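Take a look at the structure below.
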Amino acid sequence: MNRTLAVAASLLASGVSFQAHAATATFIVSSSYASFADSPFSGIAAANPLFFLEDFEDGALNTPGVSATSTLVTNAGGATTDSVDGDDGALDGNGNDGRSLYSNGATSITFTFDANALGVLPTHVGIVWTDVGETLLPTPFGKDDVLVRAFDANGNSLGFAGADALGDGSVSGGTAEDVFFGAIFSGGISKLTIVSLGGTGDWEVDHLQYGVQPIPVPGAALLFGTALAGLARVRRRV
Ligand SMILES: [Ca+2]
Ligand SMILES: [Ca+2]
Ligand SMILES: [Ca+2]
Ligand SMILES: [Ca+2]
C-alpha cells in the first residue's frame, strides 16, 4: 500500500471522513449582453462545428444534444417577452420582438447535455438571464438574486456563480439588465442549472450556448510547416 492509500485507510479506520479534492469549473458572469458578439464564447464558436447557440427564435429548444426542464418558449411581440436585444433585428434596448425561454412556474431550469448525441460533453456552457417579474420577499418586483451551478460527467457539482439584485424593476422587455453566466470545465459539463434565489417561477433566459473548444491539431501545424517549406522553395527559385 502506498503512503496516500495508507493515510486514507488510516483516516477511514479512525472514523474521520475525507474527501478527494473537488474539481471546480471556471465561471464567467458578464453584463452588457446585447447579441452573441458580446458572449465571452463568441471567439471559440467561430467556424466551430462543435459549438451551438440556441436563441429560441424558431420557437423551440431544438439545438443538438440538450434537453431542459422547461421548454416553454415565449411569443415574439409579447408585451412581457424579453429576448436578448439583437434577436429581433434591432439593437434598441428592447427584447419584446424576439423570443426567450420561460421558467413557467419553476424556480430553476436545468439544461442536461447528451454526450452520445454530441460526441463529447461540452467544455463551455453559457446562458443569458434576461428578466424576472414578481419574486418572494425580500427581493423587490422585477429584481432577483440568481445562481448558476455546473455539474461534471458524474453529476458532481463543479461549483457555482451568482449575482445579486439583477433586473431593471420592470417586465417590459428592457435589455440593459441582461447578464451572461458561463461555465468552463475541460473534463466536460453534463448539466447547468440556473436558479431564482428569490423563489419565483416568473423569469426568462435566452441564448443557451455550449460546445467544445477546438484543440489545435498537430496535423494543422504540420501543414503550416509544409506550406512554409514550400514558400522557401518558391523563394529559392525566384
Ligand atoms: Ca431589440
Ligand atoms: Ca431570443
Ligand atoms: Ca426586466
Ligand atoms: Ca431583459
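Identifiers in the C-alpha cells: chain A, B, ... in order shown; residue index from 1 per chain; ligand index from 1 in order shown.
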
| Can I get the residues close to ligand 3 as a PyMOL selection string, where close means within 12 Å and we count only C-alpha atoms and all ligand atoms? | chain A and resi 79-84+93-96+129-134+140-144+165-179+202-205

C-alpha atoms of the current selection, written as a PDB file, in the first residue's frame:
```pdb
ATOM      1  CA  ALA A  79     -45.511  42.825 -24.025  1.00  0.00           C
ATOM      2  CA  THR A  80     -43.521  40.898 -21.406  1.00  0.00           C
ATOM      3  CA  THR A  81     -41.362  38.800 -23.777  1.00  0.00           C
ATOM      4  CA  ASP A  82     -37.742  39.548 -23.051  1.00  0.00           C
ATOM      5  CA  SER A  83     -35.299  38.204 -25.623  1.00  0.00           C
ATOM      6  CA  VAL A  84     -31.660  39.138 -25.973  1.00  0.00           C
ATOM      7  CA  GLY A  93     -32.605  48.251 -25.767  1.00  0.00           C
ATOM      8  CA  ASN A  94     -35.772  46.155 -26.069  1.00  0.00           C
ATOM      9  CA  GLY A  95     -36.380  42.410 -26.465  1.00  0.00           C
ATOM     10  CA  ASN A  96     -40.203  42.265 -26.899  1.00  0.00           C
ATOM     11  CA  TRP A 129     -30.592  35.740 -17.839  1.00  0.00           C
ATOM     12  CA  THR A 130     -33.000  38.272 -19.338  1.00  0.00           C
ATOM     13  CA  ASP A 131     -35.846  39.072 -16.964  1.00  0.00           C
ATOM     14  CA  VAL A 132     -37.815  38.474 -13.771  1.00  0.00           C
ATOM     15  CA  GLY A 133     -41.245  39.532 -12.572  1.00  0.00           C
ATOM     16  CA  GLU A 134     -42.648  39.131  -9.067  1.00  0.00           C
ATOM     17  CA  PRO A 140     -38.443  43.773  -4.882  1.00  0.00           C
ATOM     18  CA  PHE A 141     -40.555  43.443  -8.036  1.00  0.00           C
ATOM     19  CA  GLY A 142     -38.504  42.975 -11.179  1.00  0.00           C
ATOM     20  CA  LYS A 143     -35.287  42.065  -9.349  1.00  0.00           C
ATOM     21  CA  ASP A 144     -33.805  38.722  -8.350  1.00  0.00           C
ATOM     22  CA  ALA A 165     -30.243  42.141  -7.466  1.00  0.00           C
ATOM     23  CA  LEU A 166     -30.375  41.523 -11.211  1.00  0.00           C
ATOM     24  CA  GLY A 167     -33.166  43.256 -13.082  1.00  0.00           C
ATOM     25  CA  ASP A 168     -34.471  46.672 -14.010  1.00  0.00           C
ATOM     26  CA  GLY A 169     -37.607  46.517 -11.867  1.00  0.00           C
ATOM     27  CA  SER A 170     -39.793  46.069 -14.930  1.00  0.00           C
ATOM     28  CA  VAL A 171     -41.118  43.279 -17.186  1.00  0.00           C
ATOM     29  CA  SER A 172     -41.429  45.452 -20.275  1.00  0.00           C
ATOM     30  CA  GLY A 173     -38.550  43.874 -22.226  1.00  0.00           C
ATOM     31  CA  GLY A 174     -35.640  46.103 -21.283  1.00  0.00           C
ATOM     32  CA  THR A 175     -32.291  44.552 -22.180  1.00  0.00           C
ATOM     33  CA  ALA A 176     -29.745  46.628 -20.250  1.00  0.00           C
ATOM     34  CA  GLU A 177     -30.330  44.248 -17.302  1.00  0.00           C
ATOM     35  CA  ASP A 178     -29.327  41.102 -19.201  1.00  0.00           C
ATOM     36  CA  VAL A 179     -26.444  39.054 -17.751  1.00  0.00           C
ATOM     37  CA  ASP A 202     -41.684  34.053 -13.449  1.00  0.00           C
ATOM     38  CA  TRP A 203     -38.396  34.733 -15.225  1.00  0.00           C
ATOM     39  CA  GLU A 204     -36.699  34.270 -18.580  1.00  0.00           C
ATOM     40  CA  VAL A 205     -33.409  33.224 -20.098  1.00  0.00           C
TER      41      VAL A 205
END
```

| Secondary structure check, strand (DSSP E) residues of stretch 56-143 of chain A, as a VMD selection string | chain A and resid 66 to 68 72 to 73 101 to 102 108 to 113 124 to 132

| remark: Judged by only C-alpha atoms and all ligand atoms, the minimum distance to ligand 2 among A:Thr135, A:Gln209, A:Thr123, A:Thr26 is found for A:Gln209

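Between atom CA of A:His124 and atom CA of A:Phe185 lies a distance of 6.7 Å.
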
| query | Got a sec to tell me which of stretch 43-220 of chain A DSSP assigns to alpha helix (DSSP H), as a ChimeraX atom specification? | reply | /A:43-45,115-118,218-220

Based on the selection just made, write all heavy atoms of those residues as a PDB file, in the first residue's frame.
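selection_3.pdb written:
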```
ATOM      1  N   GLY A  43     -15.629  33.882 -29.517  1.00  0.00           N
ATOM      2  CA  GLY A  43     -14.360  33.592 -30.178  1.00  0.00           C
ATOM      3  C   GLY A  43     -14.173  32.123 -30.502  1.00  0.00           C
ATOM      4  O   GLY A  43     -13.783  31.770 -31.618  1.00  0.00           O
ATOM      5  N   ILE A  44     -14.501  31.242 -29.567  1.00  0.00           N
ATOM      6  CA  ILE A  44     -14.291  29.811 -29.807  1.00  0.00           C
ATOM      7  C   ILE A  44     -15.426  29.223 -30.631  1.00  0.00           C
ATOM      8  O   ILE A  44     -15.317  28.126 -31.151  1.00  0.00           O
ATOM      9  CB  ILE A  44     -14.150  29.007 -28.497  1.00  0.00           C
ATOM     10  CG1 ILE A  44     -15.474  28.943 -27.739  1.00  0.00           C
ATOM     11  CG2 ILE A  44     -13.039  29.544 -27.627  1.00  0.00           C
ATOM     12  CD1 ILE A  44     -15.516  27.785 -26.782  1.00  0.00           C
ATOM     13  N   ALA A  45     -16.539  29.962 -30.771  1.00  0.00           N
ATOM     14  CA  ALA A  45     -17.678  29.449 -31.536  1.00  0.00           C
ATOM     15  C   ALA A  45     -17.476  29.618 -33.037  1.00  0.00           C
ATOM     16  O   ALA A  45     -18.064  28.888 -33.829  1.00  0.00           O
ATOM     17  CB  ALA A  45     -18.949  30.166 -31.106  1.00  0.00           C
ATOM     18  N   ALA A 115     -23.893  13.328 -24.060  1.00  0.00           N
ATOM     19  CA  ALA A 115     -22.563  13.067 -24.634  1.00  0.00           C
ATOM     20  C   ALA A 115     -22.655  12.179 -25.871  1.00  0.00           C
ATOM     21  O   ALA A 115     -21.851  12.326 -26.797  1.00  0.00           O
ATOM     22  CB  ALA A 115     -21.663  12.422 -23.588  1.00  0.00           C
ATOM     23  N   ASN A 116     -23.641  11.278 -25.904  1.00  0.00           N
ATOM     24  CA  ASN A 116     -23.771  10.399 -27.069  1.00  0.00           C
ATOM     25  C   ASN A 116     -24.187  11.188 -28.304  1.00  0.00           C
ATOM     26  O   ASN A 116     -23.660  10.979 -29.390  1.00  0.00           O
ATOM     27  CB  ASN A 116     -24.788   9.292 -26.784  1.00  0.00           C
ATOM     28  CG  ASN A 116     -24.269   8.316 -25.752  1.00  0.00           C
ATOM     29  OD1 ASN A 116     -23.072   8.043 -25.695  1.00  0.00           O
ATOM     30  ND2 ASN A 116     -25.161   7.811 -24.916  1.00  0.00           N
ATOM     31  N   ALA A 117     -25.135  12.100 -28.114  1.00  0.00           N
ATOM     32  CA  ALA A 117     -25.607  12.892 -29.254  1.00  0.00           C
ATOM     33  C   ALA A 117     -24.545  13.881 -29.721  1.00  0.00           C
ATOM     34  O   ALA A 117     -24.425  14.151 -30.915  1.00  0.00           O
ATOM     35  CB  ALA A 117     -26.890  13.627 -28.879  1.00  0.00           C
ATOM     36  N   LEU A 118     -23.790  14.427 -28.770  1.00  0.00           N
ATOM     37  CA  LEU A 118     -22.803  15.459 -29.110  1.00  0.00           C
ATOM     38  C   LEU A 118     -21.435  14.882 -29.453  1.00  0.00           C
ATOM     39  O   LEU A 118     -20.588  15.575 -30.001  1.00  0.00           O
ATOM     40  CB  LEU A 118     -22.657  16.440 -27.930  1.00  0.00           C
ATOM     41  CG  LEU A 118     -23.896  17.275 -27.603  1.00  0.00           C
ATOM     42  CD1 LEU A 118     -23.718  17.980 -26.265  1.00  0.00           C
ATOM     43  CD2 LEU A 118     -24.159  18.283 -28.713  1.00  0.00           C
ATOM     44  N   PRO A 218      -2.178  18.681 -34.353  1.00  0.00           N
ATOM     45  CA  PRO A 218      -0.768  18.654 -34.793  1.00  0.00           C
ATOM     46  C   PRO A 218      -0.660  18.676 -36.314  1.00  0.00           C
ATOM     47  O   PRO A 218       0.232  19.274 -36.874  1.00  0.00           O
ATOM     48  CB  PRO A 218      -0.253  17.331 -34.215  1.00  0.00           C
ATOM     49  CG  PRO A 218      -1.137  17.072 -33.039  1.00  0.00           C
ATOM     50  CD  PRO A 218      -2.483  17.633 -33.391  1.00  0.00           C
ATOM     51  N   GLY A 219      -1.632  18.022 -37.016  1.00  0.00           N
ATOM     52  CA  GLY A 219      -1.619  17.992 -38.471  1.00  0.00           C
ATOM     53  C   GLY A 219      -1.679  19.384 -39.070  1.00  0.00           C
ATOM     54  O   GLY A 219      -1.068  19.659 -40.101  1.00  0.00           O
ATOM     55  N   ALA A 220      -2.429  20.292 -38.394  1.00  0.00           N
ATOM     56  CA  ALA A 220      -2.549  21.655 -38.897  1.00  0.00           C
ATOM     57  C   ALA A 220      -1.194  22.350 -38.821  1.00  0.00           C
ATOM     58  O   ALA A 220      -0.785  23.070 -39.733  1.00  0.00           O
ATOM     59  CB  ALA A 220      -3.590  22.420 -38.091  1.00  0.00           C
TER      60      ALA A 220
END
```

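Computed from the coordinates, the atom CA of A:Asp87 to atom 1 (Ca, counted along the ligand's line) of ligand 2 distance equals 5.3 Å.
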
| message | For a quick check of understanding, using only C-alpha atoms and all ligand atoms, which of A:Ser35, A:Thr112, A:Thr24, A:Asn156 has the smallest distance to ligand 1? | response | A:Ser35

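If you count only C-alpha atoms and ignore residues fewer than 4 places along the chain from A:Thr107, what sits within 10 Å of it is Ser103, Thr135, Ile194, Val195, Ser196, Leu197, Gly198, Gly199, Thr200, Gly201, Asp202 and Trp203 of chain A.
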
| request: Determine, counting only C-alpha atoms, which protein, DNA and RNA residues have an atom within 12 Å of an atom of A:Asp58; residues of the same chain fewer than 4 positions away are not included. Present the result as JSON, numbers by chain. | output: {"A": [54, 62, 63, 73, 74, 75, 76, 87, 88, 98, 99, 100, 101]}

| task | Work out how far atom 1 (Ca, counted along the ligand's line) of ligand 1 is from atom CA of A:Leu136, in Å to one decimal. | result | 28.8 Å

| message | Applying 9 Å and only C-alpha atoms, which residues near A:Leu61 remain after dropping the ones on its own chain fewer than 5 positions away? List them as an MDAnalysis selection string. | response | chainID A and resid 54:56 66:68 71:73 101

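The residue that comes closest to A:Gly159, out of A:Val212, A:Ile127, A:Leu91, A:Leu192 and on the basis of only C-alpha atoms, is A:Leu192.
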
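With only C-alpha atoms and all ligand atoms as the basis for measurement, A:Gly86 is the residue among A:Gly86, A:Gly155, A:Gly119, A:Gly105 that approaches ligand 4 most closely.
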